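Structure file input_25.cif with mmCIF, C-alpha atoms:
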```cif
data_coords
loop_
_atom_site.label_atom_id
_atom_site.label_comp_id
_atom_site.auth_asym_id
_atom_site.auth_seq_id
_atom_site.Cartn_x
_atom_site.Cartn_y
_atom_site.Cartn_z
CA MET A 11 17.64 -26.82 5.70
CA GLN A 12 19.48 -24.23 3.60
CA ASP A 13 17.57 -22.08 1.09
CA LYS A 14 19.50 -23.45 -1.88
CA GLU A 15 18.45 -26.98 -0.91
CA ILE A 16 14.82 -25.89 -0.61
CA VAL A 17 14.95 -24.24 -4.04
CA LYS A 18 16.42 -27.46 -5.47
CA LEU A 19 13.44 -29.35 -4.04
CA TYR A 20 11.09 -26.93 -5.82
CA LEU A 21 13.05 -27.24 -9.05
CA SER A 22 12.83 -31.04 -8.89
CA ARG A 23 9.08 -30.72 -8.07
CA ASP A 24 9.53 -32.48 -4.73
CA GLU A 25 6.48 -31.75 -2.56
CA SER A 26 8.62 -31.69 0.58
CA ALA A 27 9.77 -28.25 -0.62
CA VAL A 28 6.51 -26.77 0.67
CA THR A 29 6.90 -28.47 4.06
CA GLU A 30 10.50 -27.26 4.39
CA THR A 31 9.45 -23.75 3.37
CA GLN A 32 6.68 -23.80 5.94
CA ASN A 33 9.03 -25.03 8.68
CA LYS A 34 11.54 -22.28 7.98
CA TYR A 35 9.45 -19.27 6.94
CA ASP A 36 5.97 -19.60 8.46
CA ARG A 37 6.54 -17.04 11.26
CA TYR A 38 8.23 -14.57 8.88
CA LEU A 39 5.41 -14.76 6.33
CA THR A 40 2.71 -14.62 9.01
CA LYS A 41 4.23 -11.42 10.42
CA ILE A 42 4.23 -9.73 7.02
CA ALA A 43 0.65 -10.84 6.35
CA TYR A 44 -0.57 -9.78 9.80
CA ASN A 45 0.92 -6.29 9.42
CA ILE A 46 -1.22 -5.86 6.32
CA LEU A 47 -4.37 -7.81 7.16
CA GLN A 48 -4.73 -7.59 10.97
CA ASP A 49 -6.70 -10.85 10.92
CA LEU A 50 -5.27 -14.30 11.71
CA GLU A 51 -7.61 -16.21 9.39
CA ASP A 52 -6.74 -13.93 6.49
CA CYS A 53 -3.06 -14.33 7.39
CA LYS A 54 -3.33 -18.11 7.20
CA GLU A 55 -4.99 -17.80 3.79
CA SER A 56 -2.28 -15.42 2.58
CA VAL A 57 0.57 -17.62 3.82
CA ASN A 58 -0.97 -20.75 2.27
CA ASP A 59 -1.48 -18.89 -1.01
CA THR A 60 2.18 -17.87 -0.81
CA TYR A 61 3.26 -21.52 -0.61
CA LEU A 62 1.09 -22.30 -3.64
CA ALA A 63 2.47 -19.30 -5.53
CA ALA A 64 6.03 -20.43 -4.75
CA TRP A 65 5.21 -23.95 -5.96
CA ASN A 66 3.72 -22.56 -9.18
CA SER A 67 6.54 -20.08 -9.86
CA ILE A 68 9.62 -22.17 -9.01
CA PRO A 69 10.44 -23.23 -11.76
CA PRO A 70 10.74 -21.26 -14.00
CA HIS A 71 12.13 -18.84 -11.42
CA SER A 72 15.10 -19.89 -9.33
CA PRO A 73 15.38 -17.25 -6.60
CA GLU A 74 18.81 -16.37 -5.21
CA ASN A 75 17.30 -15.16 -1.93
CA LEU A 76 14.34 -17.35 -0.99
CA ALA A 77 13.29 -15.22 2.00
CA THR A 78 13.02 -12.08 -0.13
CA TYR A 79 11.23 -13.95 -2.90
CA LEU A 80 8.67 -15.42 -0.50
CA GLY A 81 8.28 -12.06 1.26
CA LYS A 82 7.46 -10.33 -2.02
CA LEU A 83 4.95 -13.02 -2.98
CA ASN A 84 3.34 -12.88 0.46
CA ARG A 85 3.20 -9.09 0.52
CA ARG A 86 1.52 -8.94 -2.90
CA ILE A 87 -0.99 -11.67 -1.98
CA SER A 88 -1.77 -10.03 1.37
CA ILE A 89 -2.36 -6.65 -0.26
CA ASP A 90 -4.70 -8.27 -2.79
CA ILE A 91 -6.66 -9.94 0.03
CA PHE A 92 -6.76 -6.64 1.94
CA ARG A 93 -8.15 -4.81 -1.08
CA LYS A 94 -10.81 -7.44 -1.75
CA ARG A 95 -11.98 -7.64 1.84
CA ASN A 96 -11.83 -3.92 2.56
CA ALA A 97 -12.75 -2.26 -0.71
CA GLU A 98 -15.27 0.07 0.87
CA LYS A 99 -13.84 0.66 4.32
CA ARG A 100 -10.19 0.55 5.28
CA LYS A 101 -9.30 -1.06 8.59
CA GLY A 102 -6.67 0.53 10.80
CA SER A 103 -3.99 -1.89 9.64
CA GLU A 104 -0.35 -0.94 9.35
CA TYR A 105 -0.77 -1.26 5.57
CA ALA A 106 -3.52 1.36 5.40
CA VAL A 107 -1.71 3.68 7.82
CA SER A 108 1.68 3.41 6.11
CA ILE A 109 0.20 3.92 2.63
CA SER A 110 -1.66 7.00 3.83
CA GLU A 111 1.64 8.39 5.18
CA LEU A 112 3.16 8.06 1.70
CA ASP A 113 0.25 9.73 -0.12
CA ASP A 114 2.04 13.08 -0.31
CA CYS A 115 5.20 11.51 -1.74
CA ILE A 116 3.88 9.14 -4.34
CA SER A 117 1.49 9.47 -7.22
CA GLY A 118 -0.87 12.23 -6.07
CA GLY A 119 -2.99 10.09 -3.76
CA SER A 120 -3.41 7.11 -6.07
CA MET A 121 -1.71 3.86 -5.23
CA PRO A 122 1.81 3.49 -6.65
CA GLU A 123 0.97 0.09 -8.10
CA ASP A 124 -1.78 1.73 -10.18
CA SER A 125 0.68 4.06 -11.91
CA ILE A 126 1.71 3.45 -15.52
CA ASP A 127 5.25 4.41 -14.51
CA GLU A 128 5.42 1.87 -11.68
CA LYS A 129 8.81 0.45 -12.66
CA LEU A 130 10.32 3.91 -13.12
CA LEU A 131 8.93 5.00 -9.77
CA ALA A 132 10.25 1.87 -8.05
CA GLY A 133 13.66 2.45 -9.60
CA ALA A 134 13.69 6.08 -8.46
CA ILE A 135 12.71 5.10 -4.92
CA ASN A 136 15.47 2.47 -4.87
CA GLU A 137 18.00 5.06 -6.03
CA PHE A 138 16.77 7.44 -3.33
CA LEU A 139 17.11 4.74 -0.67
CA ARG A 140 20.74 4.20 -1.68
CA THR A 141 21.44 7.84 -0.76
CA LEU A 142 20.20 7.39 2.81
CA SER A 143 22.19 6.42 5.85
CA GLU A 144 21.80 2.77 6.85
CA GLU A 145 19.73 3.79 9.88
CA ALA A 146 17.31 5.93 7.82
CA ARG A 147 17.07 3.27 5.09
CA ASN A 148 16.33 0.48 7.60
CA THR A 149 13.71 2.63 9.30
CA PHE A 150 12.03 3.48 5.99
CA ILE A 151 12.07 -0.12 4.71
CA GLY A 152 10.80 -1.47 8.03
CA ARG A 153 7.87 0.95 8.01
CA TYR A 154 6.93 1.06 4.34
CA TYR A 155 8.02 -2.30 2.96
CA PHE A 156 7.57 -4.66 5.90
CA LEU A 157 4.73 -2.44 7.19
CA ASP A 158 5.85 -2.68 10.80
CA SER A 159 4.44 -0.25 13.32
CA VAL A 160 6.54 2.79 14.23
CA LYS A 161 6.95 1.28 17.69
CA ASP A 162 8.37 -1.97 16.26
CA VAL A 163 10.65 -0.13 13.83
CA ALA A 164 11.99 2.04 16.63
CA ALA A 165 12.64 -1.03 18.78
CA TYR A 166 14.64 -3.01 16.23
CA CYS A 167 16.49 0.07 14.98
CA GLY A 168 17.46 0.95 18.57
CA MET A 169 15.85 4.39 18.79
CA SER A 170 12.96 6.12 20.49
CA GLU A 171 9.56 6.24 18.82
CA SER A 172 9.77 10.01 18.50
CA LYS A 173 13.15 9.74 16.73
CA ALA A 174 11.73 7.12 14.38
CA LYS A 175 8.70 9.32 13.61
CA SER A 176 10.94 12.34 12.96
CA MET A 177 13.29 10.30 10.78
CA LEU A 178 10.39 8.88 8.77
CA PHE A 179 8.87 12.36 8.33
CA ARG A 180 12.18 13.83 7.14
CA THR A 181 12.74 10.85 4.83
CA ARG A 182 9.26 11.23 3.30
CA CYS A 183 9.88 14.94 2.72
CA SER A 184 13.25 14.19 1.12
CA LEU A 185 11.67 11.47 -1.01
CA ARG A 186 9.02 13.91 -2.22
CA GLU A 187 11.67 16.46 -3.18
CA TYR A 188 13.77 13.77 -4.88
CA LEU A 189 10.84 12.46 -6.92
CA ILE A 190 9.85 15.97 -8.03
CA LYS A 191 13.46 16.63 -9.05
CA GLU A 192 13.41 13.34 -11.01
CA GLY A 193 10.33 14.52 -12.93
CA PHE A 194 7.53 12.61 -11.24
CA ASP A 195 4.21 14.44 -11.15
CA LEU A 196 3.00 14.33 -7.57
#
```

Would you mind writing the structure in this file as structure tokens?
Amino acid sequence: MQDKEIVKLYLSRDESAVTETQNKYDRYLTKIAYNILQDLEDCKESVNDTYLAAWNSIPPHSPENLATYLGKLNRRISIDIFRKRNAEKRKGSEYAVSISELDDCISGGSMPEDSIDEKLLAGAINEFLRTLSEEARNTFIGRYYFLDSVKDVAAYCGMSESKAKSMLFRTRCSLREYLIKEGFDL
């Protein structure tokens, strides 16, 4: 079923929208959740909460890109679950590792989502990403948005792990310089 048809089901409050969403996006959402949570039971909870969040938010929202919309919901829900379950000790998940890699670039060690200037920071990062080559941008987004391991990012970007690591390091350094130039206090 096409995304537009699924969104129409949500808009008409047809419960089959959730089933169709699950049929089409379950693996995608589970992968995002697992990269953050590293626990299958927590992933199931996150994915189910994502379906509920979609049901509750469509309408009033009518997403143009359902996959991106669901991915954002799932990512936010998974991060919230991660924080609740691991407030005192951080597991070695891709989320914890990738966030620690970005500590030098963003917000002086605090989480970007805790910043008062979150929207300005997100806008600046988006502008920075537009300046990158497609390869560097895809590598960065794979690692820091989808929270894939460096090994996975290297595989789907068609490069060696060492090249991916070097590219990510150079991109983080460039991001840091860009944000300082844009007036962010790091």

- Name the residues in contact with segment 149-156 of chain A at a cut-off of 7 Å, using all atoms listed in the file, excluding same-chain residues fewer than 6 positions from it; report them as a ChimeraX atom specification. /A:42,108,163,167,178

Include C-alpha atoms and write out the residues we just selected as a PDB file, in the frame of the given file.
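Resulting contents of again.pdb:
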```
ATOM      1  CA  ILE A  42       4.230  -9.730   7.020  1.00  0.00           C
ATOM      2  CA  SER A 108       1.680   3.410   6.110  1.00  0.00           C
ATOM      3  CA  VAL A 163      10.650  -0.130  13.830  1.00  0.00           C
ATOM      4  CA  CYS A 167      16.490   0.070  14.980  1.00  0.00           C
ATOM      5  CA  LEU A 178      10.390   8.880   8.770  1.00  0.00           C
TER       6      LEU A 178
END
```

- Fewer than 2 positions away in the same chain doesn't count, so skip those; otherwise give me all residues within 12 Å of Ser184 of chain A, counting only C-alpha atoms, as a list in words. Leu112, Asp114, Cys115, Ile116, Ile135, Phe138, Leu139, Thr141, Leu142, Ala146, Phe150, Met177, Leu178, Phe179, Arg180, Thr181, Arg182, Arg186, Glu187, Tyr188, Leu189, Ile190 and Lys191 of chain A

- Task: Compile the contact shell of segment 60-76 of chain A as a ChimeraX atom specification: residues with an atom at most 7 Å away, counting all atoms listed in the file, same-chain residues fewer than 5 positions apart removed.
- Result: /A:13,17,20-21,28,83-84

Produce a file of the selected residues containing C-alpha atoms, as an mmCIF file, in the coordinates of the input.
```cif
data_model
loop_
_atom_site.group_PDB
_atom_site.id
_atom_site.type_symbol
_atom_site.label_atom_id
_atom_site.label_comp_id
_atom_site.auth_asym_id
_atom_site.auth_seq_id
_atom_site.Cartn_x
_atom_site.Cartn_y
_atom_site.Cartn_z
ATOM 1 C CA ASP A 13 17.570 -22.080 1.090
ATOM 2 C CA VAL A 17 14.950 -24.240 -4.040
ATOM 3 C CA TYR A 20 11.090 -26.930 -5.820
ATOM 4 C CA LEU A 21 13.050 -27.240 -9.050
ATOM 5 C CA VAL A 28 6.510 -26.770 0.670
ATOM 6 C CA LEU A 83 4.950 -13.020 -2.980
ATOM 7 C CA ASN A 84 3.340 -12.880 0.460
#
```

Let me have the centre and edge lengths in Å, one decimal, of the box along x, y and z around every listed atom of segment 50-64 of chain A with 5 Å of margin on each side, as lines of an AutoDock Vina configuration file.
```
center_x = -0.8
center_y = -18.1
center_z = 3.1
size_x = 23.6
size_y = 18.4
size_z = 27.2
```

- Take atom CA of Ala165 of chain A and atom CA of Thr31 of chain A and report the distance between them in Å, one decimal. 27.6 Å

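Each of A:Cys183, A:Cys53, A:Leu131, A:Ala174 was checked against Asp158 of chain A using all atoms listed in the file; the smallest atom-to-atom distance is that of A:Ala174.
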